[in-house]
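The file data-v4.txt contains compact mmCIF, C-alpha atoms and all ligand atoms:
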# COMPACT_ATOMS: atom_id res chain seq x y z
CA MET I 1 0.00 0.00 0.00
CA ALA I 2 2.82 2.38 0.86
CA ARG I 3 4.55 1.74 -2.48
CA ALA I 4 1.26 2.42 -4.29
CA GLY I 5 0.71 5.63 -2.28
CA LEU I 6 -2.43 4.28 -0.61
CA ASP I 7 -3.87 4.55 2.89
CA ALA I 8 -6.26 1.64 2.40
CA VAL I 9 -7.41 -0.94 -0.16
CA TRP I 10 -10.91 -2.22 -0.90
CA ILE I 11 -10.43 -5.82 -2.04
CA SER I 12 -13.25 -7.25 -4.17
CA ASP I 13 -11.61 -9.90 -6.37
CA PRO I 14 -12.83 -13.25 -4.91
CA ALA I 15 -9.42 -14.94 -5.03
CA ASN I 16 -7.79 -11.92 -3.40
CA VAL I 17 -10.51 -11.80 -0.72
CA ARG I 18 -9.73 -15.43 0.04
CA ALA I 19 -5.98 -14.85 -0.01
CA VAL I 20 -6.05 -12.02 2.54
CA SER I 21 -8.87 -13.29 4.77
CA GLY I 22 -9.06 -17.08 4.45
CA PHE I 23 -12.81 -16.74 3.75
CA SER I 24 -13.56 -19.28 1.03
CA SER I 25 -16.73 -17.68 -0.44
CA GLY I 26 -14.77 -14.75 -1.81
CA LYS I 27 -17.42 -13.83 -4.38
CA ASP I 28 -19.75 -12.90 -1.50
CA GLY I 29 -17.12 -11.05 0.51
CA LYS I 30 -15.00 -7.91 0.46
CA VAL I 31 -12.03 -6.92 2.59
CA LEU I 32 -11.05 -3.42 3.64
CA VAL I 33 -7.36 -3.20 4.55
CA THR I 34 -6.31 -0.01 6.32
CA GLN I 35 -3.05 0.88 8.10
CA GLY I 36 -3.00 -1.65 10.91
CA ALA I 37 -6.45 -3.24 10.47
CA ALA I 38 -8.45 -5.41 8.11
CA THR I 39 -12.20 -6.11 8.09
CA LEU I 40 -14.08 -8.83 6.24
CA TYR I 41 -17.47 -7.78 4.91
CA THR I 42 -19.98 -10.50 4.11
CA ASP I 43 -23.66 -11.23 4.71
CA ALA I 44 -25.68 -13.30 7.16
CA ARG I 45 -25.54 -16.45 5.03
CA TYR I 46 -21.90 -16.66 6.05
CA THR I 47 -21.86 -15.64 9.72
CA VAL I 48 -20.70 -19.05 10.95
CA GLN I 49 -18.43 -19.73 7.99
CA ALA I 50 -16.67 -16.36 8.28
CA ALA I 51 -15.98 -16.95 11.98
CA GLU I 52 -14.67 -20.44 11.28
CA GLU I 53 -12.46 -19.56 8.32
CA SER I 54 -11.17 -16.05 8.87
CA PRO I 55 -9.11 -14.51 11.67
CA LEU I 56 -10.28 -11.04 10.56
CA ASP I 57 -13.00 -9.04 12.29
CA ALA I 58 -16.16 -9.58 10.25
CA PHE I 59 -18.92 -7.06 9.64
CA ILE I 60 -22.06 -8.95 8.64
CA ALA I 61 -24.39 -6.94 6.42
CA ARG I 62 -25.39 -6.41 2.82
CA PRO I 63 -24.44 -3.40 0.73
CA PRO I 64 -24.98 -0.48 1.10
CA ALA I 65 -24.76 -1.01 4.89
CA THR I 66 -21.23 -2.37 4.40
CA LEU I 67 -20.09 0.76 2.59
CA GLU I 68 -21.83 3.00 5.14
CA HIS I 69 -20.03 1.14 7.95
CA ALA I 70 -16.64 1.74 6.34
CA ALA I 71 -17.21 5.37 5.30
CA PRO I 72 -16.39 7.32 8.53
CA GLY I 73 -12.95 5.77 8.92
CA LEU I 74 -12.00 6.47 5.32
CA ALA I 75 -12.80 10.20 5.09
CA GLY I 76 -9.89 12.11 3.56
CA LEU I 77 -7.93 8.93 2.66
CA ARG I 78 -6.61 7.55 -0.60
CA VAL I 79 -8.29 4.17 -1.04
CA GLY I 80 -7.30 1.70 -3.74
CA PHE I 81 -9.87 -0.40 -5.59
CA GLU I 82 -9.15 -3.35 -7.88
CA ALA I 83 -9.54 -1.80 -11.32
CA ASP I 84 -9.19 -5.15 -13.07
CA HIS I 85 -12.15 -6.57 -11.17
CA LEU I 86 -14.60 -3.91 -9.95
CA THR I 87 -17.53 -3.24 -12.29
CA VAL I 88 -18.37 0.32 -13.33
CA ALA I 89 -21.60 0.04 -11.30
CA ALA I 90 -19.73 -1.06 -8.16
CA LEU I 91 -17.29 1.83 -8.58
CA GLU I 92 -20.22 4.25 -8.83
CA ASP I 93 -21.51 2.77 -5.54
CA LEU I 94 -18.17 3.44 -3.86
CA ARG I 95 -18.20 7.01 -5.19
CA ASP I 96 -21.77 7.57 -3.93
CA HIS I 97 -21.13 6.20 -0.43
CA TRP I 98 -17.58 7.48 0.09
CA PRO I 99 -17.78 11.07 -1.19
CA GLN I 100 -14.82 12.17 0.95
CA VAL I 101 -12.52 9.41 -0.30
CA THR I 102 -9.99 9.65 -3.13
CA LEU I 103 -10.49 6.40 -5.04
CA VAL I 104 -7.43 5.10 -6.89
CA GLY I 105 -7.55 2.20 -9.37
CA VAL I 106 -4.81 -0.35 -8.74
CA GLN I 107 -3.96 -3.56 -10.56
CA GLY I 108 -2.13 -6.68 -9.44
CA LEU I 109 -1.48 -5.45 -5.88
CA VAL I 110 -2.62 -8.62 -4.11
CA GLN I 111 -1.97 -10.85 -7.14
CA SER I 112 1.75 -10.04 -6.99
CA LEU I 113 1.82 -11.13 -3.32
CA ARG I 114 0.12 -14.40 -4.29
CA ALA I 115 2.75 -15.33 -6.89
CA VAL I 116 5.06 -16.81 -4.23
CA LYS I 117 3.25 -19.54 -2.33
CA THR I 118 3.43 -20.41 1.37
CA PRO I 119 4.35 -24.00 2.33
CA GLY I 120 0.64 -24.66 3.03
CA GLU I 121 -0.35 -23.40 -0.40
CA ILE I 122 2.35 -25.50 -2.07
CA GLN I 123 1.00 -28.56 -0.27
CA ALA I 124 -2.55 -27.76 -1.45
CA VAL I 125 -1.46 -27.50 -5.10
CA ARG I 126 0.69 -30.62 -4.70
CA ASP I 127 -2.35 -32.53 -3.37
CA ALA I 128 -4.57 -31.22 -6.21
CA GLN I 129 -1.99 -32.32 -8.79
CA ALA I 130 -1.50 -35.75 -7.18
CA LEU I 131 -5.24 -36.30 -7.43
CA ALA I 132 -5.28 -35.16 -11.07
CA ASP I 133 -2.41 -37.57 -11.86
CA ARG I 134 -4.29 -40.42 -10.19
CA VAL I 135 -7.50 -39.67 -12.10
CA PHE I 136 -5.61 -39.35 -15.39
CA ALA I 137 -4.03 -42.78 -14.84
CA GLU I 138 -7.48 -44.27 -14.18
CA VAL I 139 -9.03 -42.70 -17.26
CA ARG I 140 -6.09 -43.20 -19.64
CA PRO I 141 -7.27 -46.72 -20.76
CA LEU I 142 -10.62 -45.20 -21.78
CA ILE I 143 -8.98 -42.95 -24.39
CA GLU I 144 -9.59 -45.23 -27.35
CA ALA I 145 -11.26 -45.31 -30.73
CA GLY I 146 -15.06 -45.15 -30.36
CA ALA I 147 -15.04 -43.10 -27.12
CA ARG I 148 -16.68 -39.66 -27.14
CA GLU I 149 -14.68 -36.69 -25.88
CA LEU I 150 -17.60 -35.76 -23.60
CA ASP I 151 -17.68 -39.21 -22.02
CA LEU I 152 -13.98 -38.95 -21.13
CA ALA I 153 -14.57 -35.51 -19.65
CA SER I 154 -17.47 -36.74 -17.51
CA GLU I 155 -15.42 -39.70 -16.27
CA ILE I 156 -12.67 -37.33 -15.16
CA GLU I 157 -15.14 -34.94 -13.51
CA LEU I 158 -16.95 -37.73 -11.70
CA ARG I 159 -13.74 -39.16 -10.30
CA LEU I 160 -12.56 -35.73 -9.15
CA ARG I 161 -15.93 -35.15 -7.46
CA ARG I 162 -15.85 -38.50 -5.72
CA ALA I 163 -12.46 -37.59 -4.30
CA GLY I 164 -13.87 -34.39 -2.78
CA ALA I 165 -12.47 -32.10 -5.48
CA GLN I 166 -13.85 -30.64 -8.68
CA SER I 167 -12.62 -29.83 -12.13
CA ALA I 168 -10.43 -26.71 -12.10
CA PHE I 169 -11.92 -25.53 -15.41
CA ASP I 170 -14.03 -26.74 -18.35
CA LEU I 171 -12.13 -29.85 -19.37
CA ILE I 172 -10.28 -29.69 -22.65
CA VAL I 173 -10.51 -32.96 -24.58
CA ALA I 174 -9.62 -32.23 -28.20
CA SER I 175 -9.17 -35.15 -30.57
CA GLY I 176 -8.02 -35.35 -34.20
CA PRO I 177 -8.48 -32.03 -36.04
CA ARG I 178 -10.08 -30.49 -32.91
CA GLY I 179 -6.62 -30.64 -31.36
CA ALA I 180 -5.87 -27.48 -33.37
CA MET I 181 -8.03 -25.55 -30.84
CA PRO I 182 -5.93 -24.75 -27.74
CA HIS I 183 -9.17 -24.36 -25.73
CA GLY I 184 -11.10 -27.18 -27.43
CA VAL I 185 -13.46 -28.14 -24.59
CA ALA I 186 -14.86 -31.67 -24.82
CA SER I 187 -17.41 -32.14 -27.62
CA ASP I 188 -19.51 -35.04 -28.87
CA ARG I 189 -16.80 -36.02 -31.36
CA VAL I 190 -16.05 -39.73 -31.40
CA ILE I 191 -12.33 -40.50 -31.20
CA GLN I 192 -10.92 -42.25 -34.29
CA ASP I 193 -8.05 -44.68 -34.73
CA GLY I 194 -4.86 -42.71 -35.46
CA ASP I 195 -6.04 -39.58 -33.57
CA LEU I 196 -3.95 -37.57 -31.17
CA VAL I 197 -6.07 -36.57 -28.17
CA THR I 198 -5.16 -33.56 -26.05
CA VAL I 199 -6.44 -33.76 -22.47
CA ASP I 200 -5.95 -30.57 -20.43
CA MET I 201 -7.24 -31.11 -16.89
CA GLY I 202 -6.89 -29.82 -13.38
CA ALA I 203 -8.31 -30.48 -9.94
CA GLN I 204 -9.58 -27.80 -7.59
CA LEU I 205 -9.01 -28.96 -4.02
CA ARG I 206 -9.34 -26.81 -0.86
CA GLY I 207 -9.60 -23.79 -3.18
CA TYR I 208 -6.27 -24.48 -4.92
CA HIS I 209 -5.86 -25.62 -8.51
CA SER I 210 -3.67 -27.87 -10.58
CA ASP I 211 -3.16 -27.78 -14.35
CA MET I 212 -1.65 -30.42 -16.64
CA THR I 213 -1.92 -31.42 -20.30
CA ARG I 214 -1.08 -34.69 -21.97
CA THR I 215 -1.48 -35.50 -25.64
CA VAL I 216 -1.90 -39.21 -26.26
CA ALA I 217 -2.02 -41.31 -29.40
CA VAL I 218 -4.86 -43.68 -30.22
CA GLY I 219 -3.41 -46.38 -32.45
CA THR I 220 -0.60 -45.20 -34.69
CA PRO I 221 -0.61 -41.49 -35.53
CA GLY I 222 0.56 -40.18 -38.91
CA ALA I 223 4.25 -39.31 -39.37
CA GLU I 224 3.60 -35.54 -39.42
CA MET I 225 1.79 -35.43 -36.07
CA ALA I 226 4.38 -37.79 -34.55
CA ARG I 227 7.06 -35.30 -35.62
CA VAL I 228 5.07 -32.41 -34.11
CA TYR I 229 4.75 -34.36 -30.86
CA ARG I 230 8.51 -34.88 -30.61
CA ALA I 231 9.17 -31.19 -31.31
CA VAL I 232 6.72 -30.02 -28.62
CA LEU I 233 8.16 -32.51 -26.12
CA GLU I 234 11.69 -31.25 -26.84
CA ALA I 235 10.58 -27.64 -26.26
CA GLU I 236 8.68 -28.56 -23.10
CA GLU I 237 11.50 -30.54 -21.52
CA ALA I 238 14.10 -27.88 -22.37
CA ALA I 239 11.96 -25.15 -20.79
CA VAL I 240 11.35 -27.23 -17.65
CA ARG I 241 15.09 -27.88 -17.27
CA ALA I 242 15.76 -24.12 -17.49
CA VAL I 243 13.47 -23.27 -14.55
CA LYS I 244 15.31 -21.76 -11.59
CA PRO I 245 15.16 -18.63 -9.44
CA GLY I 246 16.33 -15.48 -11.21
CA VAL I 247 15.33 -16.63 -14.70
CA ARG I 248 13.18 -14.15 -16.62
CA ALA I 249 9.82 -15.67 -17.57
CA ALA I 250 10.09 -14.06 -21.01
CA ASP I 251 13.40 -15.88 -21.60
CA LEU I 252 11.76 -19.23 -20.88
CA ASP I 253 9.03 -18.45 -23.41
CA ARG I 254 11.75 -17.52 -25.92
CA LEU I 255 13.66 -20.74 -25.28
CA ALA I 256 10.64 -22.94 -26.05
CA ARG I 257 9.55 -20.77 -28.98
CA ASP I 258 13.02 -20.90 -30.58
CA ILE I 259 13.04 -24.71 -30.42
CA LEU I 260 9.63 -24.91 -32.08
CA THR I 261 10.71 -22.33 -34.66
CA GLY I 262 13.70 -24.55 -35.44
CA HIS I 263 11.21 -27.29 -36.28
CA GLY I 264 9.18 -24.93 -38.48
CA LEU I 265 6.46 -24.67 -35.81
CA GLY I 266 7.03 -21.16 -34.44
CA GLU I 267 3.82 -19.81 -36.00
CA ALA I 268 1.91 -22.86 -34.75
CA PHE I 269 2.73 -22.06 -31.09
CA ALA I 270 -0.27 -19.79 -30.66
CA HIS I 271 -0.08 -18.82 -26.99
CA SER I 272 2.31 -18.05 -24.18
CA LEU I 273 4.50 -20.68 -22.51
CA GLY I 274 2.63 -20.72 -19.22
CA HIS I 275 1.35 -19.01 -16.10
CA GLY I 276 1.23 -19.21 -12.34
CA VAL I 277 -1.28 -21.51 -10.64
CA GLY I 278 -2.81 -21.27 -7.16
CA LEU I 279 -6.12 -19.86 -5.97
CA GLU I 280 -6.78 -19.29 -9.68
CA VAL I 281 -5.82 -21.43 -12.65
CA HIS I 282 -4.28 -18.42 -14.32
CA GLU I 283 -2.39 -16.09 -12.00
CA ALA I 284 0.99 -14.41 -11.62
CA PRO I 285 3.66 -14.90 -12.82
CA SER I 286 3.02 -14.68 -16.55
CA LEU I 287 5.31 -16.68 -18.83
CA ARG I 288 4.62 -14.69 -21.97
CA GLY I 289 7.17 -13.03 -24.22
CA THR I 290 6.31 -9.55 -22.93
CA SER I 291 6.39 -10.49 -19.23
CA ASP I 292 8.66 -8.63 -16.79
CA ASP I 293 8.25 -11.39 -14.19
CA VAL I 294 11.33 -13.10 -12.77
CA LEU I 295 11.08 -16.59 -11.24
CA GLN I 296 11.38 -16.86 -7.46
CA PRO I 297 11.43 -19.86 -5.10
CA GLY I 298 7.88 -20.80 -4.11
CA MET I 299 6.28 -19.88 -7.43
CA ILE I 300 4.19 -22.61 -9.07
CA ILE I 301 4.04 -22.33 -12.84
CA THR I 302 2.96 -24.25 -15.90
CA ILE I 303 5.25 -25.00 -18.82
CA GLU I 304 2.92 -25.75 -21.72
CA PRO I 305 4.16 -25.27 -25.25
CA GLY I 306 1.86 -26.41 -28.05
CA ALA I 307 1.66 -26.55 -31.82
CA TYR I 308 -1.69 -26.18 -33.58
CA LEU I 309 -2.23 -26.99 -37.26
CA PRO I 310 -5.71 -25.90 -38.39
CA GLY I 311 -7.57 -28.67 -40.21
CA VAL I 312 -4.95 -31.23 -39.13
CA GLY I 313 -4.62 -31.38 -35.34
CA GLY I 314 -2.49 -30.24 -32.46
CA VAL I 315 -0.21 -31.17 -29.59
CA ARG I 316 0.22 -29.58 -26.17
CA ILE I 317 2.30 -30.95 -23.32
CA GLU I 318 2.05 -29.23 -19.97
CA ASP I 319 3.73 -29.80 -16.63
CA LEU I 320 3.07 -28.10 -13.31
CA VAL I 321 6.39 -26.96 -11.89
CA LEU I 322 7.45 -25.65 -8.47
CA VAL I 323 10.37 -23.20 -8.48
CA THR I 324 12.70 -24.35 -5.69
CA GLU I 325 15.70 -22.63 -4.03
CA ASP I 326 18.10 -24.11 -6.56
CA GLY I 327 16.00 -25.15 -9.53
CA TYR I 328 12.67 -26.86 -9.96
CA GLU I 329 10.44 -29.76 -9.00
CA VAL I 330 7.94 -31.15 -11.48
CA LEU I 331 4.68 -31.75 -9.59
CA SER I 332 2.85 -33.51 -12.44
CA VAL I 333 4.03 -37.09 -12.84
CA SER I 334 1.79 -38.53 -15.58
CA PRO I 335 3.87 -40.16 -18.33
CA LYS I 336 4.73 -38.12 -21.42
CA GLU I 337 6.30 -40.79 -23.62
CA LEU I 338 2.93 -41.75 -25.00
CA LEU I 339 3.69 -42.05 -28.69
C1 LIG I 401 -9.38 -22.44 -19.45
S1 LIG I 401 -8.12 -22.89 -18.40
C2 LIG I 401 -6.94 -23.52 -19.55
C3 LIG I 401 -5.88 -24.26 -18.88
C4 LIG I 401 -4.75 -24.51 -19.83
N1 LIG I 401 -3.78 -25.40 -19.29
C5 LIG I 401 -4.08 -23.24 -20.22
O1 LIG I 401 -3.71 -22.48 -19.37
N2 LIG I 401 -3.88 -22.99 -21.53
C6 LIG I 401 -4.27 -23.81 -22.63
C7 LIG I 401 -3.82 -23.06 -23.85
C8 LIG I 401 -2.84 -22.06 -23.39
C9 LIG I 401 -3.13 -21.83 -21.95
C10 LIG I 401 -3.91 -20.53 -21.79
O2 LIG I 401 -3.28 -19.47 -21.85
O3 LIG I 401 -5.13 -20.55 -21.63

Please render this file's structure as structure tokens.
Amino acid sequence: MARAGLDAVWISDPANVRAVSGFSSGKDGKVLVTQGAATLYTDARYTVQAAEESPLDAFIARPPATLEHAAPGLAGLRVGFEADHLTVAALEDLRDHWPQVTLVGVQGLVQSLRAVKTPGEIQAVRDAQALADRVFAEVRPLIEAGARELDLASEIELRLRRAGAQSAFDLIVASGPRGAMPHGVASDRVIQDGDLVTVDMGAQLRGYHSDMTRTVAVGTPGAEMARVYRAVLEAEEAAVRAVKPGVRAADLDRLARDILTGHGLGEAFAHSLGHGVGLEVHEAPSLRGTSDDVLQPGMIITIEPGAYLPGVGGVRIEDLVLVTEDGYEVLSVSPKELL
């Protein structure tokens, strides 16, 4: 707050609310952080839950009573709001109820604190990934000719649910030519002999996420897609090996991109190399070419190069990687030598 020139911050992004308060229903909560104090605002549906989950003082009410409660202590102060989350209507509400406050839009304030995980958070992501690996191993034999993408997705979701977790995002199961869509969520396509099938899955457990992609062959794939697979695997493994504290995220993206370019696949790598994972599937740091982020111990990132050939198919291989004091630890253990 001091660096941003603020006296207080109004936190409304659900993941940030959870991060600073421990309250797990962040979408129905807000946190006001002032110099030396922090208050959780939520409503009467959560009285018991807030007391159980959060060490913060809670004020139980619905807006606008929440804003009216906060107003007297904020008069004359510079108060940050999360510009990348707050709606225009919610900002108008703040303006109406806090006329004596200077409201300042800030971005990434709490997100940057979340990029380095605590030991407890690392354990939560580790557990989520271990569950995802287990479920992938169970479902792997079902990826065969005649299966529908949607049936594979429901099997994965069911098994995650039974284990007390849930899918971290809409499952991506993209077979054959659909593999050319990086976000090809499961459809009713029936998998054919010779297809490559990209499965991008994650578990959400105790609020924390995992993220992993495997591309597997059904029968014998054509020579071109087998070549693409080897190129993506080479880029992925090289980028993972380069992970260590002090490395610029943009340089990792460049490393993987150069390898794919060397195989004539630079244009086919249609997204960034990866991202941080934690309370959200996509969070800081960013592993894109324009990122200023530098890796630090305790960050959990994905390394996920891909190559997408419209009308033909695609390959993505993704590992979940913990940045350690002297290098890295790969948290995802599902096999990659699947061709
Ligand atoms: C909708 S969550 C997608 C999870 C996935 N592992 C992922 O992060 N990506 C797949 C394509 C690139 C990357 C992304 O930036 O979305």

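For the choices I:Arg230, I:Arg288, I:Arg126, I:His183, the atom-to-atom distance to Arg254 in chain I is smallest for I:Arg288 when using only C-alpha atoms.
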
Within-6 Å residues of ligand LIG 401 (chain I), basis only C-alpha atoms and all ligand atoms, as a VMD selection string: chain I and resid 169 182 to 183 200 211 271

Selection near Gly274 in chain I, 8 Å with all atoms listed in the file, sequence-local residues under 6 positions removed, as a ChimeraX atom specification: /I:253,286-288,301-305

Mind dumping the selected residues with C-alpha atoms as a PDB file, in the frame of the given file?
ATOM      1  CA  ASP I 253       9.030 -18.450 -23.410  1.00  0.00           C
ATOM      2  CA  SER I 286       3.020 -14.680 -16.550  1.00  0.00           C
ATOM      3  CA  LEU I 287       5.310 -16.680 -18.830  1.00  0.00           C
ATOM      4  CA  ARG I 288       4.620 -14.690 -21.970  1.00  0.00           C
ATOM      5  CA  ILE I 301       4.040 -22.330 -12.840  1.00  0.00           C
ATOM      6  CA  THR I 302       2.960 -24.250 -15.900  1.00  0.00           C
ATOM      7  CA  ILE I 303       5.250 -25.000 -18.820  1.00  0.00           C
ATOM      8  CA  GLU I 304       2.920 -25.750 -21.720  1.00  0.00           C
ATOM      9  CA  PRO I 305       4.160 -25.270 -25.250  1.00  0.00           C
TER      10      PRO I 305
END

In file coordinates, which residues lie within 12 Å of (3.1, -30.9, -26.7) using only C-alpha atoms, given as a JSON list (two decimals) with C-alpha atoms, in the frame of the given file?
[["chain", "number", "residue", "atom", "x", "y", "z"],
["I", 179, "GLY", "CA", -6.62, -30.64, -31.36],
["I", 180, "ALA", "CA", -5.87, -27.48, -33.37],
["I", 182, "PRO", "CA", -5.93, -24.75, -27.74],
["I", 196, "LEU", "CA", -3.95, -37.57, -31.17],
["I", 197, "VAL", "CA", -6.07, -36.57, -28.17],
["I", 198, "THR", "CA", -5.16, -33.56, -26.05],
["I", 199, "VAL", "CA", -6.44, -33.76, -22.47],
["I", 200, "ASP", "CA", -5.95, -30.57, -20.43],
["I", 212, "MET", "CA", -1.65, -30.42, -16.64],
["I", 213, "THR", "CA", -1.92, -31.42, -20.30],
["I", 214, "ARG", "CA", -1.08, -34.69, -21.97],
["I", 215, "THR", "CA", -1.48, -35.50, -25.64],
["I", 216, "VAL", "CA", -1.90, -39.21, -26.26],
["I", 217, "ALA", "CA", -2.02, -41.31, -29.40],
["I", 225, "MET", "CA", 1.79, -35.43, -36.07],
["I", 226, "ALA", "CA", 4.38, -37.79, -34.55],
["I", 227, "ARG", "CA", 7.06, -35.30, -35.62],
["I", 228, "VAL", "CA", 5.07, -32.41, -34.11],
["I", 229, "TYR", "CA", 4.75, -34.36, -30.86],
["I", 230, "ARG", "CA", 8.51, -34.88, -30.61],
["I", 231, "ALA", "CA", 9.17, -31.19, -31.31],
["I", 232, "VAL", "CA", 6.72, -30.02, -28.62],
["I", 233, "LEU", "CA", 8.16, -32.51, -26.12],
["I", 234, "GLU", "CA", 11.69, -31.25, -26.84],
["I", 235, "ALA", "CA", 10.58, -27.64, -26.26],
["I", 236, "GLU", "CA", 8.68, -28.56, -23.10],
["I", 237, "GLU", "CA", 11.50, -30.54, -21.52],
["I", 256, "ALA", "CA", 10.64, -22.94, -26.05],
["I", 260, "LEU", "CA", 9.63, -24.91, -32.08],
["I", 265, "LEU", "CA", 6.46, -24.67, -35.81],
["I", 268, "ALA", "CA", 1.91, -22.86, -34.75],
["I", 269, "PHE", "CA", 2.73, -22.06, -31.09],
["I", 273, "LEU", "CA", 4.50, -20.68, -22.51],
["I", 303, "ILE", "CA", 5.25, -25.00, -18.82],
["I", 304, "GLU", "CA", 2.92, -25.75, -21.72],
["I", 305, "PRO", "CA", 4.16, -25.27, -25.25],
["I", 306, "GLY", "CA", 1.86, -26.41, -28.05],
["I", 307, "ALA", "CA", 1.66, -26.55, -31.82],
["I", 308, "TYR", "CA", -1.69, -26.18, -33.58],
["I", 313, "GLY", "CA", -4.62, -31.38, -35.34],
["I", 314, "GLY", "CA", -2.49, -30.24, -32.46],
["I", 315, "VAL", "CA", -0.21, -31.17, -29.59],
["I", 316, "ARG", "CA", 0.22, -29.58, -26.17],
["I", 317, "ILE", "CA", 2.30, -30.95, -23.32],
["I", 318, "GLU", "CA", 2.05, -29.23, -19.97],
["I", 319, "ASP", "CA", 3.73, -29.80, -16.63],
["I", 336, "LYS", "CA", 4.73, -38.12, -21.42],
["I", 337, "GLU", "CA", 6.30, -40.79, -23.62],
["I", 338, "LEU", "CA", 2.93, -41.75, -25.00],
["I", 339, "LEU", "CA", 3.69, -42.05, -28.69]]

Length of the CA of Ala186 in chain I to CA of Leu150 in chain I vector [Å]: 5.1 Å

Gly298 in chain I environment, 12 Å, all atoms listed in the file, sequence neighbours closer than 4 positions dropped, as number ranges by chain: I: 113-123, 125, 244-245, 276-278, 285, 321-329

Point-to-point distance from CA of Val243 in chain I to CA of Arg206 in chain I, Å rounded to tenths: 26.8 Å

Would you mind listing, for every residue of range 55-94 of chain I within 8 Å of range 99-108 of chain I, the two atoms forming the shortest contact and the distance between them in Å to one decimal, using only C-alpha atoms, sorted by chain and ascending residue number, as a Markdown table?
| residue | atom | partner | partner_atom | distance |
| --- | --- | --- | --- | --- |
| I:Leu74 | CA | I:Val101 | CA | 6.4 |
| I:Ala75 | CA | I:Gln100 | CA | 5.0 |
| I:Gly76 | CA | I:Val101 | CA | 5.4 |
| I:Leu77 | CA | I:Val101 | CA | 5.5 |
| I:Arg78 | CA | I:Thr102 | CA | 4.7 |
| I:Val79 | CA | I:Leu103 | CA | 5.1 |
| I:Gly80 | CA | I:Val104 | CA | 4.6 |
| I:Phe81 | CA | I:Gly105 | CA | 5.1 |
| I:Glu82 | CA | I:Val106 | CA | 5.3 |
| I:Ala83 | CA | I:Gly105 | CA | 4.9 |
| I:Asp84 | CA | I:Gln107 | CA | 6.0 |

All residues 6 Å or closer to range 293-295 of chain I, all atoms listed in the file, same chain fewer than 2 positions away omitted, as a PyMOL selection string: chain I and resi 245-249+285+291

Counting all atoms listed in the file, the option among I:His275, I:Ala250, I:Ser210, I:Glu280 closest to Met299 in chain I: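 Smallest separation from Met299 in chain I among the options: I:His275.
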
Radius query 10 Å about (-7.6, -34.6, -12.1), atoms used: all atoms listed in the file, as a PyMOL selection string: chain I and resi 128-139+156-161+163+165-168+171+200-205+209-212

Write the selection just made, keeping C-alpha atoms, as a CSV table (one decimal), in the coordinates of the input?
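Ended up saving to result_39.csv:
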chain,number,residue,atom,x,y,z
I,128,ALA,CA,-4.6,-31.2,-6.2
I,129,GLN,CA,-2.0,-32.3,-8.8
I,130,ALA,CA,-1.5,-35.8,-7.2
I,131,LEU,CA,-5.2,-36.3,-7.4
I,132,ALA,CA,-5.3,-35.2,-11.1
I,133,ASP,CA,-2.4,-37.6,-11.9
I,134,ARG,CA,-4.3,-40.4,-10.2
I,135,VAL,CA,-7.5,-39.7,-12.1
I,136,PHE,CA,-5.6,-39.4,-15.4
I,137,ALA,CA,-4.0,-42.8,-14.8
I,138,GLU,CA,-7.5,-44.3,-14.2
I,139,VAL,CA,-9.0,-42.7,-17.3
I,156,ILE,CA,-12.7,-37.3,-15.2
I,157,GLU,CA,-15.1,-34.9,-13.5
I,158,LEU,CA,-17.0,-37.7,-11.7
I,159,ARG,CA,-13.7,-39.2,-10.3
I,160,LEU,CA,-12.6,-35.7,-9.2
I,161,ARG,CA,-15.9,-35.2,-7.5
I,163,ALA,CA,-12.5,-37.6,-4.3
I,165,ALA,CA,-12.5,-32.1,-5.5
I,166,GLN,CA,-13.8,-30.6,-8.7
I,167,SER,CA,-12.6,-29.8,-12.1
I,168,ALA,CA,-10.4,-26.7,-12.1
I,171,LEU,CA,-12.1,-29.8,-19.4
I,200,ASP,CA,-6.0,-30.6,-20.4
I,201,MET,CA,-7.2,-31.1,-16.9
I,202,GLY,CA,-6.9,-29.8,-13.4
I,203,ALA,CA,-8.3,-30.5,-9.9
I,204,GLN,CA,-9.6,-27.8,-7.6
I,205,LEU,CA,-9.0,-29.0,-4.0
I,209,HIS,CA,-5.9,-25.6,-8.5
I,210,SER,CA,-3.7,-27.9,-10.6
I,211,ASP,CA,-3.2,-27.8,-14.4
I,212,MET,CA,-1.6,-30.4,-16.6

Edge lengths and centre in Å to one decimal, as AutoDock Vina command-line options, is what I'm after for the box along x, y and z that holds all listed atoms of range 12-31 of chain I once 3 Å is added on each side.
--center_x -12.9 --center_y -13.1 --center_z -0.8 --size_x 19.8 --size_y 18.4 --size_z 17.1

Proximity to Thr290 in chain I - best of I:Asp258, I:Leu252, I:Leu320, I:Asp93, only C-alpha atoms: I:Leu252
